[in-house]
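All remarks here apply to the structure that follows.
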Amino acid sequence: MVKVAVFSDTHNNPEPMREAIRLCEPDAVIHCGDGVRDVRSIEPDFPGLPFYYVAGNCDFGDNMRLARTVDIAGVKIYIAHGHTLGVKYGDLDRLGYAAREAGASVAVFGHTHIPVCKRLGNITLINPGSAGTGYDPTWGILEIDDNGFISWHLHHFFRRDK
């Protein structure tokens with residue numbers, strides 16, 4: 001079983017992501033944008049752990065990719081923030097089409113800050129929500145078994161009372 005921690009929209013708040021990675025001990029990390037600086041700030045804390053990320057509409061400063069496809073445990077995963085694909089308006093067809101064109105069976109995205117897990121044809125679309133902002137910060141774990149079957153687990157961040 002391969003475990004992939006999936007985050008998006010951390011918006012200059014890397015600490016919850018850092019803590020989640022420490023707790024779940026994933027085999028890889030995906031960040032769907034609006035927090036590239038956050039990812040780069042915690043990468044050194046996890047040597048050898050692969051991080052895959054794309055730029056979001058709030059990531060400035062370099063020529064990062066807006067989308068990419070990665071192969072993790074034999075499953076092709078399309079990663080995009082989604083702002084160039086119209087995801088904020090509820091239409092996920094363009095995202096599904098882009099994933100299909102990239103040869104992916106899973107598409108992970110962000111931008112809306114709202115968690116989603118649904119099928120569109122033969123593509124699984126996943127948005128982990130926002131891990132850094134909002135009333136109900138969320139992230140998720142994508143598990144890939146030895147046969148290439150996937151499962152998705154949404155997690156909520158809760159503040160510890162001191």
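Residue numbers start at 1 in each chain; chains themselves are named A, B, ... in the order of the structure tokens; ligands are numbered from 1 in the order shown.
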- Message: For stretch 2-9 of chain A, find every residue with an atom within 8 Å (counting only C-alpha atoms), except residues of its own chain fewer than 3 positions away, and show them as a ChimeraX atom specification.
- Response: /A:17,21,24,26-35,73,81,109-111,113,127-133,138-145
- Just list the residues in stretch 13-109 of chain A DSSP gives strand (DSSP E or B) on the backbone, as a PyMOL selection string. chain A and resi 28-31+51-53+67-72+75-80+106-108
File dump, residues just selected, N, CA, C and O atoms, as a short mmCIF file (atom, residue, chain, number, x, y, z; two decimals), in the first residue's frame:
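Heads up, here's the output in result17.cif:
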data_model
loop_
_atom_site.label_atom_id
_atom_site.label_comp_id
_atom_site.auth_asym_id
_atom_site.auth_seq_id
_atom_site.Cartn_x
_atom_site.Cartn_y
_atom_site.Cartn_z
N ALA A 28 4.72 9.78 -0.40
CA ALA A 28 4.88 10.93 -1.30
C ALA A 28 3.92 12.02 -0.84
O ALA A 28 2.96 11.75 -0.12
N VAL A 29 4.18 13.25 -1.31
CA VAL A 29 3.33 14.39 -0.99
C VAL A 29 2.98 15.12 -2.28
O VAL A 29 3.86 15.34 -3.13
N ILE A 30 1.71 15.48 -2.42
CA ILE A 30 1.25 16.30 -3.54
C ILE A 30 0.68 17.58 -2.96
O ILE A 30 -0.07 17.55 -1.99
N HIS A 31 1.05 18.71 -3.57
CA HIS A 31 0.45 20.00 -3.21
C HIS A 31 -0.10 20.61 -4.49
O HIS A 31 0.61 20.75 -5.48
N PHE A 51 8.17 15.19 -3.21
CA PHE A 51 7.14 16.22 -3.20
C PHE A 51 6.83 16.57 -4.65
O PHE A 51 7.75 16.84 -5.43
N TYR A 52 5.55 16.59 -5.00
CA TYR A 52 5.10 16.98 -6.34
C TYR A 52 4.15 18.15 -6.17
O TYR A 52 3.19 18.06 -5.40
N TYR A 53 4.40 19.24 -6.88
CA TYR A 53 3.54 20.42 -6.71
C TYR A 53 3.48 21.24 -7.98
O TYR A 53 4.31 21.10 -8.87
N ALA A 67 0.45 22.64 -14.35
CA ALA A 67 -0.07 21.27 -14.29
C ALA A 67 1.07 20.32 -14.57
O ALA A 67 2.04 20.68 -15.25
N ARG A 68 0.93 19.12 -14.04
CA ARG A 68 1.92 18.06 -14.32
C ARG A 68 1.26 16.72 -14.07
O ARG A 68 0.26 16.62 -13.36
N THR A 69 1.84 15.69 -14.65
CA THR A 69 1.37 14.33 -14.44
C THR A 69 2.51 13.53 -13.83
O THR A 69 3.65 13.62 -14.30
N VAL A 70 2.19 12.78 -12.77
CA VAL A 70 3.19 11.95 -12.12
C VAL A 70 2.66 10.52 -12.06
O VAL A 70 1.45 10.30 -12.06
N ASP A 71 3.57 9.58 -12.01
CA ASP A 71 3.22 8.17 -11.85
C ASP A 71 3.65 7.75 -10.45
O ASP A 71 4.83 7.81 -10.12
N ILE A 72 2.68 7.37 -9.64
CA ILE A 72 2.96 6.89 -8.30
C ILE A 72 2.36 5.49 -8.18
O ILE A 72 1.16 5.32 -8.35
N VAL A 75 -0.03 4.37 -10.87
CA VAL A 75 -1.22 5.18 -11.12
C VAL A 75 -0.79 6.56 -11.59
O VAL A 75 0.00 7.23 -10.92
N LYS A 76 -1.29 6.97 -12.76
CA LYS A 76 -0.96 8.29 -13.28
C LYS A 76 -1.90 9.32 -12.66
O LYS A 76 -3.13 9.16 -12.73
N ILE A 77 -1.30 10.35 -12.07
CA ILE A 77 -2.05 11.38 -11.36
C ILE A 77 -1.77 12.73 -12.01
O ILE A 77 -0.61 13.13 -12.12
N TYR A 78 -2.82 13.38 -12.43
CA TYR A 78 -2.74 14.73 -13.02
C TYR A 78 -2.91 15.73 -11.88
O TYR A 78 -3.88 15.65 -11.11
N ILE A 79 -1.98 16.66 -11.76
CA ILE A 79 -2.00 17.66 -10.69
C ILE A 79 -2.16 19.04 -11.31
O ILE A 79 -1.39 19.42 -12.19
N ALA A 80 -3.16 19.79 -10.85
CA ALA A 80 -3.37 21.17 -11.31
C ALA A 80 -4.03 21.94 -10.18
O ALA A 80 -4.75 21.37 -9.36
N VAL A 106 -6.46 9.70 -12.31
CA VAL A 106 -6.80 10.52 -11.14
C VAL A 106 -6.37 11.95 -11.43
O VAL A 106 -5.29 12.18 -11.98
N ALA A 107 -7.22 12.91 -11.05
CA ALA A 107 -6.86 14.33 -11.13
C ALA A 107 -7.04 14.94 -9.75
O ALA A 107 -8.11 14.81 -9.15
N VAL A 108 -5.99 15.57 -9.25
CA VAL A 108 -6.09 16.28 -7.98
C VAL A 108 -5.97 17.77 -8.27
O VAL A 108 -5.20 18.19 -9.13
#
- Query: If we count only C-alpha atoms, what is near stretch 120-124 of chain A at a cut-off of 9 Å, once residues fewer than 5 positions away on the same chain are taken out, given as an NGL selection string?
  - Reply: :A and (92-93 or 96-97 or 99-100 or 104-108)
Output N, CA and C atoms for every residue in the selection just made, as a PDB file, in the first residue's frame.
ATOM      1  N   LEU A  92     -16.310  20.650 -13.799  1.00  0.00           N
ATOM      2  CA  LEU A  92     -15.049  19.922 -13.743  1.00  0.00           C
ATOM      3  C   LEU A  92     -14.727  19.186 -15.038  1.00  0.00           C
ATOM      4  N   ASP A  93     -15.532  19.432 -16.082  1.00  0.00           N
ATOM      5  CA  ASP A  93     -15.317  18.753 -17.363  1.00  0.00           C
ATOM      6  C   ASP A  93     -13.943  19.057 -17.955  1.00  0.00           C
ATOM      7  N   GLY A  96     -11.316  17.123 -16.088  1.00  0.00           N
ATOM      8  CA  GLY A  96     -11.376  15.718 -16.473  1.00  0.00           C
ATOM      9  C   GLY A  96     -10.792  15.471 -17.849  1.00  0.00           C
ATOM     10  N   TYR A  97     -11.089  16.368 -18.789  1.00  0.00           N
ATOM     11  CA  TYR A  97     -10.555  16.243 -20.141  1.00  0.00           C
ATOM     12  C   TYR A  97      -9.033  16.377 -20.135  1.00  0.00           C
ATOM     13  N   ALA A  99      -6.982  15.736 -17.681  1.00  0.00           N
ATOM     14  CA  ALA A  99      -6.419  14.537 -17.069  1.00  0.00           C
ATOM     15  C   ALA A  99      -6.428  13.378 -18.057  1.00  0.00           C
ATOM     16  N   ARG A 100      -7.545  13.210 -18.767  1.00  0.00           N
ATOM     17  CA  ARG A 100      -7.647  12.134 -19.752  1.00  0.00           C
ATOM     18  C   ARG A 100      -6.601  12.318 -20.858  1.00  0.00           C
ATOM     19  N   ALA A 104      -3.969  10.229 -17.418  1.00  0.00           N
ATOM     20  CA  ALA A 104      -4.131  10.000 -15.986  1.00  0.00           C
ATOM     21  C   ALA A 104      -5.497   9.390 -15.676  1.00  0.00           C
ATOM     22  N   SER A 105      -5.566   8.649 -14.597  1.00  0.00           N
ATOM     23  CA  SER A 105      -6.843   8.113 -14.121  1.00  0.00           C
ATOM     24  C   SER A 105      -7.332   8.858 -12.877  1.00  0.00           C
ATOM     25  N   VAL A 106      -6.458   9.703 -12.314  1.00  0.00           N
ATOM     26  CA  VAL A 106      -6.795  10.519 -11.142  1.00  0.00           C
ATOM     27  C   VAL A 106      -6.365  11.950 -11.429  1.00  0.00           C
ATOM     28  N   ALA A 107      -7.217  12.912 -11.051  1.00  0.00           N
ATOM     29  CA  ALA A 107      -6.860  14.327 -11.131  1.00  0.00           C
ATOM     30  C   ALA A 107      -7.044  14.940  -9.753  1.00  0.00           C
ATOM     31  N   VAL A 108      -5.987  15.569  -9.246  1.00  0.00           N
ATOM     32  CA  VAL A 108      -6.087  16.285  -7.978  1.00  0.00           C
ATOM     33  C   VAL A 108      -5.971  17.775  -8.271  1.00  0.00           C
TER      34      VAL A 108
END
- Minimum-distance residue to A:Lys118, chosen among A:Pro16, A:Ser151, A:Asp59, A:Thr84 (using only C-alpha atoms): A:Ser151
- Message: I need the helix (DSSP H, G or I) residues of chain A per DSSP on the backbone, written as a ChimeraX atom specification.
- Response: /A:15-24,36-45,83-85,87-89,93-101
- Message: What's the separation between atom CA of A:Met1 and atom CA of A:Asp146, in Å to one decimal place?
- Response: 6.0 Å
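Distances here use only C-alpha atoms; by that measure, the residue among A:Ile126, A:Ile150, A:Val54, A:Ile42 closest to A:Val87 is A:Ile126.
Using only C-alpha atoms, the nearest neighbour of A:Gly82 within the list A:Leu125, A:Asn13, A:Glu19, A:His155 is A:Leu125.
Between A:Gly134 and the residues A:Ser41, A:Thr112, A:Gly74, A:Gly148, the shortest atom-to-atom distance, using only C-alpha atoms, involves A:Thr112.
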